[in-house]
$ cat work.txt   # compact mmCIF, C-alpha atoms
# COMPACT_ATOMS: atom_id res chain seq x y z
CA MET K 1 82.91 180.58 83.86
CA ALA K 2 85.72 181.98 85.99
CA ILE K 3 88.93 183.04 84.27
CA LEU K 4 91.51 180.32 84.75
CA ASN K 5 95.13 180.92 85.62
CA GLU K 6 97.95 179.09 83.84
CA LYS K 7 98.04 176.23 86.35
CA GLN K 8 94.27 175.74 86.14
CA GLN K 9 94.38 175.82 82.33
CA LEU K 10 97.02 173.08 82.32
CA MET K 11 94.90 171.03 84.76
CA ARG K 12 91.91 171.39 82.39
CA ARG K 13 94.00 170.12 79.49
CA ILE K 14 95.07 167.11 81.58
CA GLN K 15 91.45 166.46 82.57
CA GLN K 16 90.44 166.60 78.90
CA GLU K 17 93.14 164.17 77.78
CA SER K 18 92.54 161.94 80.77
CA PHE K 19 88.84 161.82 79.96
CA ALA K 20 89.57 160.93 76.32
CA LEU K 21 91.64 158.01 77.64
CA VAL K 22 88.90 156.83 80.04
CA GLU K 23 86.33 156.91 77.23
CA ALA K 24 88.62 155.09 74.78
CA ASN K 25 89.61 152.55 77.43
CA LEU K 26 85.97 151.59 78.15
CA TYR K 27 85.18 151.45 74.43
CA LEU K 28 88.22 149.30 73.67
CA ASP K 29 87.27 146.88 76.49
CA SER K 30 84.28 145.82 74.39
CA HIS K 31 85.81 146.59 70.93
CA PRO K 32 89.45 145.50 71.43
CA THR K 33 90.35 145.33 67.73
CA CYS K 34 88.79 148.59 66.48
CA PRO K 35 91.61 150.32 64.53
CA MET K 36 90.13 153.81 65.00
CA GLY K 37 89.73 153.24 68.73
CA LEU K 38 93.30 151.99 69.09
CA LYS K 39 94.68 154.95 67.14
CA TYR K 40 92.59 157.40 69.17
CA PHE K 41 93.88 155.96 72.45
CA ALA K 42 97.53 156.06 71.32
CA GLN K 43 97.27 159.71 70.20
CA HIS K 44 95.71 160.90 73.44
CA LYS K 45 98.06 158.79 75.59
CA LYS K 46 101.06 160.60 74.13
CA GLU K 47 99.51 164.01 74.77
CA TYR K 48 98.45 162.98 78.31
CA ASP K 49 101.93 161.75 79.26
CA GLU K 50 103.54 165.00 78.08
CA LEU K 51 101.05 167.19 79.96
CA MET K 52 101.34 165.13 83.17
CA GLU K 53 105.10 165.51 83.11
CA LYS K 54 104.88 169.25 82.41
CA TYR K 55 102.41 169.78 85.26
CA ALA K 56 104.46 167.80 87.79
CA GLU K 57 107.58 169.76 86.87
CA LYS K 58 105.88 173.18 87.24
CA TYR K 59 103.26 172.68 89.94
CA GLY K 60 103.96 169.44 91.81
CA PRO K 61 102.94 165.79 91.64
CA ILE K 62 99.55 164.48 90.47
CA LYS K 63 100.65 160.95 91.41
CA ALA K 64 102.58 160.34 94.65
CA GLY K 65 105.30 158.64 92.63
CA GLN K 66 106.06 161.93 90.85
CA SER K 67 106.98 163.57 94.17
CA SER K 68 110.24 165.30 94.80
CA THR K 69 112.46 163.34 97.21
CA GLU K 70 115.22 165.94 97.64
CA LYS K 71 114.36 167.86 100.82
CA LYS K 72 110.66 167.42 101.45
CA TRP K 73 108.13 164.82 100.25
CA GLY K 74 106.45 166.74 97.42
CA TRP K 75 103.10 164.95 97.80
CA VAL K 76 102.23 166.90 100.98
CA THR K 77 103.21 170.31 99.61
CA THR K 78 100.29 170.75 97.16
CA PRO K 79 96.52 170.96 97.79
CA PHE K 80 94.09 168.09 97.33
CA PRO K 81 91.51 168.43 94.54
CA TRP K 82 88.42 168.95 96.69
CA GLU K 83 89.60 172.48 97.53
CA ARG K 84 87.96 175.15 95.35
CA GLY K 85 90.06 176.13 92.34
CA GLU K 86 92.29 173.05 92.59
CA SER K 87 90.59 170.83 90.07
CA MET U 1 95.73 147.55 92.79
CA TRP U 2 94.86 151.21 92.53
CA GLN U 3 96.85 154.39 92.31
CA TYR U 4 95.43 157.76 93.36
CA GLU U 5 95.66 160.84 91.14
CA LYS U 6 95.42 164.24 92.79
CA LYS U 7 92.78 165.58 90.40
CA LEU U 8 89.03 165.29 89.89
CA GLN U 9 87.75 163.54 86.78
CA TYR U 10 85.74 166.71 86.03
CA PRO U 11 86.10 170.11 87.76
CA VAL U 12 83.97 171.04 90.80
CA ASN U 13 84.12 174.70 91.88
CA ILE U 14 81.08 175.81 93.86
CA LYS U 15 81.00 179.48 94.94
CA ASN U 16 77.89 179.46 97.14
CA PRO U 17 77.40 177.01 100.03
CA ASN U 18 73.94 175.43 100.09
CA PRO U 19 73.36 172.88 102.89
CA ALA U 20 69.79 172.10 101.77
CA LEU U 21 71.15 170.94 98.42
CA ALA U 22 73.93 168.92 100.09
CA LYS U 23 71.22 167.09 102.03
CA VAL U 24 69.74 165.67 98.81
CA ILE U 25 72.96 165.22 96.78
CA VAL U 26 74.41 163.03 99.57
CA SER U 27 72.16 160.27 98.19
CA GLN U 28 74.52 159.89 95.25
CA LEU U 29 77.30 159.11 97.73
CA GLY U 30 75.60 156.66 100.09
CA GLY U 31 72.07 156.15 98.72
CA PRO U 32 70.54 153.09 97.03
CA ASP U 33 71.72 154.09 93.53
CA GLY U 34 74.80 156.07 94.56
CA GLU U 35 78.40 155.98 93.38
CA LEU U 36 79.78 153.99 96.32
CA GLY U 37 77.26 151.20 95.74
CA ALA U 38 78.07 151.26 92.02
CA ALA U 39 81.82 150.94 92.60
CA LEU U 40 81.40 148.08 95.10
CA ARG U 41 78.85 146.30 92.89
CA TYR U 42 81.10 146.18 89.80
CA LEU U 43 84.41 145.65 91.58
CA ASN U 44 83.00 142.63 93.45
CA GLN U 45 81.04 141.16 90.52
CA ARG U 46 84.04 141.10 88.19
CA TYR U 47 85.49 137.83 89.52
CA ALA U 48 82.51 135.93 88.07
CA ALA U 49 82.85 137.49 84.60
CA PRO U 50 83.61 134.66 82.14
CA CYS U 51 85.91 136.52 79.72
CA ARG U 52 88.61 139.20 79.73
CA GLU U 53 86.48 141.80 77.93
CA VAL U 54 83.76 141.71 80.60
CA GLN U 55 86.34 141.54 83.41
CA ALA U 56 87.84 144.71 81.93
CA VAL U 57 84.48 146.52 81.59
CA LEU U 58 83.60 145.78 85.25
CA SER U 59 87.08 146.71 86.55
CA ASP U 60 87.28 149.95 84.58
CA ILE U 61 83.72 151.16 85.16
CA GLY U 62 84.08 150.23 88.86
CA THR U 63 87.25 152.31 88.98
CA GLU U 64 85.56 155.27 87.28
CA GLU U 65 82.78 155.08 89.89
CA LEU U 66 85.40 155.69 92.60
CA SER U 67 86.33 158.93 90.85
CA HIS U 68 82.62 159.86 90.76
CA MET U 69 82.40 159.17 94.50
CA GLU U 70 85.22 161.70 94.90
CA MET U 71 83.35 164.28 92.78
CA ILE U 72 80.19 163.87 94.90
CA GLY U 73 82.28 164.12 98.09
CA THR U 74 83.81 167.32 96.74
CA ILE U 75 80.38 168.78 95.88
CA LEU U 76 79.20 168.00 99.46
CA TYR U 77 82.37 169.46 100.98
CA GLN U 78 82.09 172.68 98.98
CA LEU U 79 78.32 173.06 99.58
CA THR U 80 78.81 172.89 103.36
CA ARG U 81 81.72 175.32 103.82
CA ASN U 82 81.52 178.26 106.28
CA LEU U 83 77.98 177.61 107.50
CA SER U 84 76.42 179.62 110.33
CA MET U 85 74.28 177.85 112.93
CA LYS U 86 71.31 179.83 111.59
CA GLU U 87 71.86 178.46 108.06
CA ILE U 88 72.24 174.93 109.44
CA LYS U 89 68.96 175.13 111.37
CA GLU U 90 66.92 176.87 108.69
CA SER U 91 68.07 174.62 105.82
CA GLY U 92 67.09 171.38 107.56
CA PHE U 93 70.75 170.33 107.50
CA ASP U 94 70.61 170.11 111.32
CA VAL U 95 69.47 166.47 111.24
CA TYR U 96 72.66 165.51 109.36
CA PHE U 97 74.84 167.97 111.29
CA VAL U 98 73.98 166.49 114.68
CA ASP U 99 75.76 163.22 113.82
CA HIS U 100 78.35 164.25 111.25
CA THR U 101 78.94 168.03 111.63
CA THR U 102 80.04 168.88 108.05
CA GLY U 103 81.95 165.62 107.56
CA VAL U 104 81.24 163.66 104.38
CA TYR U 105 79.40 160.43 105.30
CA PRO U 106 77.82 157.91 102.91
CA ILE U 107 74.12 158.01 103.63
CA ALA U 108 70.88 158.22 101.61
CA ALA U 109 68.93 161.51 101.61
CA SER U 110 66.26 159.66 103.60
CA GLY U 111 68.81 159.11 106.40
CA VAL U 112 69.53 155.40 105.80
CA PRO U 113 73.30 154.81 106.04
CA PHE U 114 75.09 153.16 103.11
CA THR U 115 74.30 149.47 102.87
CA ALA U 116 75.49 146.65 100.61
CA ALA U 117 71.89 145.35 100.76
CA THR U 118 71.09 147.60 97.76
CA PHE U 119 73.15 145.52 95.31
CA GLN U 120 73.99 141.94 94.42
CA SER U 121 76.89 139.82 93.29
CA THR U 122 75.11 136.67 92.10
CA GLY U 123 78.07 134.75 90.68
CA ASP U 124 76.15 134.62 87.37
CA ALA U 125 77.42 137.04 84.72
CA LEU U 126 74.07 137.50 82.94
CA ALA U 127 72.17 138.16 86.15
CA ASP U 128 74.87 140.59 87.30
CA LEU U 129 75.03 142.47 83.97
CA ASN U 130 71.26 142.85 83.88
CA GLU U 131 71.43 144.35 87.37
CA ASP U 132 74.23 146.66 86.19
CA LEU U 133 72.14 147.95 83.27
CA ALA U 134 69.30 148.73 85.70
CA ALA U 135 71.73 150.33 88.16
CA GLU U 136 72.99 152.80 85.55
CA GLN U 137 69.42 153.77 84.66
CA LYS U 138 68.46 154.23 88.31
CA ALA U 139 71.51 156.43 88.93
CA ARG U 140 70.60 158.45 85.82
CA VAL U 141 67.10 159.01 87.27
CA THR U 142 68.59 160.20 90.58
CA TYR U 143 70.73 162.72 88.67
CA ASP U 144 67.62 163.81 86.70
CA ASN U 145 65.90 164.46 90.03
CA ILE U 146 68.91 166.34 91.44
CA LEU U 147 68.83 168.55 88.32
CA ARG U 148 65.14 169.26 89.03
CA LEU U 149 66.08 170.36 92.57
CA ALA U 150 69.29 172.33 91.86
CA ASP U 151 69.36 175.84 90.35
CA ASP U 152 73.05 176.69 90.88
CA PRO U 153 75.00 176.31 87.60
CA ASP U 154 78.18 175.49 89.61
CA VAL U 155 76.38 172.38 90.92
CA ARG U 156 74.41 171.53 87.78
CA ASP U 157 77.52 171.40 85.56
CA PRO U 158 79.32 168.48 87.30
CA ILE U 159 75.96 166.74 87.95
CA LYS U 160 75.23 166.85 84.19
CA PHE U 161 78.63 165.29 83.53
CA LEU U 162 77.91 162.48 86.01
CA ARG U 163 74.46 161.92 84.47
CA ALA U 164 76.03 161.53 81.02
CA ARG U 165 78.48 158.94 82.36
CA GLU U 166 75.56 156.75 83.53
CA ILE U 167 74.34 156.63 79.93
CA VAL U 168 77.80 155.70 78.57
CA HIS U 169 78.18 152.98 81.21
CA PHE U 170 74.74 151.61 80.29
CA GLN U 171 75.95 151.34 76.69
CA ARG U 172 79.16 149.51 77.66
CA PHE U 173 77.27 147.08 79.95
CA GLY U 174 74.90 146.36 77.05
CA GLU U 175 77.92 145.38 74.95
CA ALA U 176 79.29 143.26 77.81
CA GLN U 177 75.94 141.46 78.03
CA ARG U 178 76.05 140.79 74.27
CA ILE U 179 79.59 139.38 74.56
CA VAL U 180 78.48 136.94 77.30
CA GLN U 181 75.37 135.92 75.36
CA ASP U 182 77.47 135.23 72.26
CA MET U 183 79.52 132.76 74.33
CA LEU U 184 76.41 130.77 75.28
CA ASP U 185 73.96 128.50 73.54
CA SER U 186 72.17 130.94 71.25
CA LYS U 187 68.94 128.91 71.47
CA ASN U 188 68.83 129.42 75.23
CA PHE U 189 70.94 132.16 76.79
CA TYR U 190 70.00 130.93 80.24
CA ALA U 191 70.84 127.21 79.74
CA PHE U 192 73.78 127.39 82.11
CA ASN U 193 75.81 129.79 84.21
CA PRO U 194 79.08 130.36 82.31
CA SER U 195 80.83 131.34 85.55
CA PHE U 196 79.93 128.16 87.48
CA ASP U 197 78.75 125.29 85.26
CA LYS U 198 81.50 125.67 82.63
CA PRO U 199 80.20 123.05 80.14
CA ASP U 200 82.72 121.96 77.50
$ encode --input "work.txt" --output "structure tokens"
Amino acid sequence: MAILNEKQQLMRRIQQESFALVEANLYLDSHPTCPMGLKYFAQHKKEYDELMEKYAEKYGPIKAGQSSTEKKWGWVTTPFPWERGES
Amino acid sequence: MWQYEKKLQYPVNIKNPNPALAKVIVSQLGGPDGELGAALRYLNQRYAAPCREVQAVLSDIGTEELSHMEMIGTILYQLTRNLSMKEIKESGFDVYFVDHTTGVYPIAASGVPFTAATFQSTGDALADLNEDLAAEQKARVTYDNILRLADDPDVRDPIKFLRAREIVHFQRFGEAQRIVQDMLDSKNFYAFNPSFDKPD
């Protein structure tokens, strides 16, 4: 596997946390009262929110709503994820 | 509603273009058991789901399928970068190229464009969920076949991830089916359609 730079490493961490949330979400849809599932989701949600905020601050928005509105619309200043090395 | 996130669900970084491989992987975008069909199947079926749990399963799996469609689109985009005319002709990609250049278009590997005729929305939750279980298995088989055709580890890695998701979705649809059955007459699961007949 290629050596990842700092930005790519942070993106990987977000993808990991985001995936944990997708998995827990689907599981909780059919097991909505499972205490372990609920706890697992809450733990990863906290981590995910922190990483998303950190990434947006350092490297630009992952969601359009995180865009800078000062001088230029931040959403169009960063690459889309189908470009190599961007996701 | 939906909100886009500028990231793939799982990384796709393909070093070596390979148009011959793109020509078969395109089936998981627009083919009979592809990700676009999966997303549209679940996101349209969900209105007939008789309880919140099953509405959630269909909404959330349907949403995840959209992110898989994006991963397949990315694989196709990266496999068809910087091609020479010689590579296009020799790989057999020319028959796709003539209509679409290297644009990403939902089509089966056989050349049949995407069609909603490959899936159903019956308005009956049990019929729909049984189709959904089959759909996940059929998509898993397509990924098995792609893995038989692809040698490049950069391609195999995201394809293996997508294959594993079909198995997880199959599991969740099995649970959704059990939830619907538990709501019905246990002596005859098929006595009525819980989405339409609504007996007291």
$ closest_atom_pairs --input "work.txt" --of "range 109-182 of chain U" --to "range 27-36 of chain K" --cutoff "9 Å" --atoms "all atoms listed in the file" --output "Markdown table"
| residue | atom | partner | partner_atom | distance |
| --- | --- | --- | --- | --- |
| U:Arg172 | CA | K:Tyr27 | CA | 7.1 |
| U:Glu175 | CA | K:Ser30 | CA | 6.4 |
| U:Ala176 | CA | K:Ser30 | CA | 6.6 |
| U:Ile179 | CA | K:Ser30 | CA | 8.0 |
$ interface_residues --input "work.txt" --of "chain U" --to "chain K" --cutoff "10 Å" --atoms "all atoms listed in the file" --output "VMD selection string"
chain U and resid 3 to 15 52 to 61 64 70 to 78 153 to 154 165 168 to 169 171 to 176 178 to 179
$ closest_residue --input "work.txt" --among "K:Leu38, K:Ser67, K:Glu17, K:Gln8" --to "Glu50 in chain K" --atoms "all atoms listed in the file"
K:Glu17
$ closest_residue --input "work.txt" --among "K:Ala42, K:Leu21, K:Val76, K:Leu10" --to "Glu57 in chain K" --atoms "all atoms listed in the file"
K:Leu10
$ atom_distance --input "work.txt" --atom1 "CA of Ala109 in chain U" --atom2 "CA of Glu166 in chain U"
19.8 Å
$ atom_distance --input "work.txt" --atom1 "CA of Tyr96 in chain U" --atom2 "CA of Val24 in chain U"
10.9 Å
$ axis_aligned_box --input "work.txt" --around "range 47-59 of chain K" --padding-each-side "6 Å" --output "lines of an AutoDock Vina configuration file"
center_x = 103.0
center_y = 167.5
center_z = 82.4
size_x = 21.1
size_y = 23.4
size_z = 27.2
$ closest_residue --input "work.txt" --among "U:Asp128, U:Arg81, U:Gln28, U:Ser67" --to "Arg140 in chain U" --atoms "all atoms listed in the file"
U:Gln28
$ residues_around --input "work.txt" --residues "range 110-122 of chain U" --least-positions-apart "4" --cutoff "10 Å" --atoms "all atoms listed in the file" --output "ChimeraX atom specification"
/U:23-24,26-27,29-34,36-38,40-48,95-96,105-106,126-129,131-132,135
$ build_atoms --input "work.txt" --residues "range 10-34 of chain U" --atoms "N, CA and C atoms" --output "CSV table (one decimal), in the coordinates of the input"
chain,number,residue,atom,x,y,z
U,10,TYR,N,86.4,165.5,86.6
U,10,TYR,CA,85.7,166.7,86.0
U,10,TYR,C,85.7,167.8,87.1
U,11,PRO,N,86.0,169.1,86.7
U,11,PRO,CA,86.1,170.1,87.8
U,11,PRO,C,84.8,170.4,88.6
U,12,VAL,N,85.0,170.6,89.9
U,12,VAL,CA,84.0,171.0,90.8
U,12,VAL,C,84.4,172.3,91.5
U,13,ASN,N,83.8,173.4,91.2
U,13,ASN,CA,84.1,174.7,91.9
U,13,ASN,C,82.8,175.4,92.2
U,14,ILE,N,82.4,175.3,93.5
U,14,ILE,CA,81.1,175.8,93.9
U,14,ILE,C,81.3,177.0,94.7
U,15,LYS,N,80.8,178.2,94.2
U,15,LYS,CA,81.0,179.5,94.9
U,15,LYS,C,80.1,179.6,96.2
U,16,ASN,N,78.8,179.2,96.1
U,16,ASN,CA,77.9,179.5,97.1
U,16,ASN,C,77.5,178.2,97.9
U,17,PRO,N,77.8,178.1,99.2
U,17,PRO,CA,77.4,177.0,100.0
U,17,PRO,C,75.9,176.9,100.0
U,18,ASN,N,75.4,175.7,100.1
U,18,ASN,CA,73.9,175.4,100.1
U,18,ASN,C,73.7,174.1,100.8
U,19,PRO,N,73.5,174.1,102.1
U,19,PRO,CA,73.4,172.9,102.9
U,19,PRO,C,72.1,172.1,102.5
U,20,ALA,N,71.0,172.8,102.1
U,20,ALA,CA,69.8,172.1,101.8
U,20,ALA,C,70.0,171.2,100.6
U,21,LEU,N,70.8,171.7,99.6
U,21,LEU,CA,71.2,170.9,98.4
U,21,LEU,C,72.1,169.8,98.8
U,22,ALA,N,73.0,170.0,99.7
U,22,ALA,CA,73.9,168.9,100.1
U,22,ALA,C,73.1,167.8,100.7
U,23,LYS,N,72.1,168.1,101.4
U,23,LYS,CA,71.2,167.1,102.0
U,23,LYS,C,70.6,166.1,101.0
U,24,VAL,N,70.3,166.6,99.8
U,24,VAL,CA,69.7,165.7,98.8
U,24,VAL,C,70.8,165.0,98.0
U,25,ILE,N,71.9,165.8,97.7
U,25,ILE,CA,73.0,165.2,96.8
U,25,ILE,C,73.7,164.1,97.5
U,26,VAL,N,73.7,164.1,98.8
U,26,VAL,CA,74.4,163.0,99.6
U,26,VAL,C,73.9,161.6,99.2
U,27,SER,N,72.7,161.6,98.6
U,27,SER,CA,72.2,160.3,98.2
U,27,SER,C,73.0,159.6,97.1
U,28,GLN,N,73.7,160.5,96.3
U,28,GLN,CA,74.5,159.9,95.2
U,28,GLN,C,75.9,159.4,95.8
U,29,LEU,N,76.1,159.7,97.1
U,29,LEU,CA,77.3,159.1,97.7
U,29,LEU,C,76.9,157.8,98.4
U,30,GLY,N,75.9,157.8,99.3
U,30,GLY,CA,75.6,156.7,100.1
U,30,GLY,C,74.2,156.1,99.9
U,31,GLY,N,73.5,156.6,98.9
U,31,GLY,CA,72.1,156.2,98.7
U,31,GLY,C,72.0,154.9,97.9
U,32,PRO,N,70.8,154.4,97.7
U,32,PRO,CA,70.5,153.1,97.0
U,32,PRO,C,71.1,153.0,95.6
U,33,ASP,N,71.2,154.1,94.9
U,33,ASP,CA,71.7,154.1,93.5
U,33,ASP,C,72.9,155.0,93.4
U,34,GLY,N,73.7,155.1,94.5
U,34,GLY,CA,74.8,156.1,94.6
U,34,GLY,C,76.1,155.5,94.0
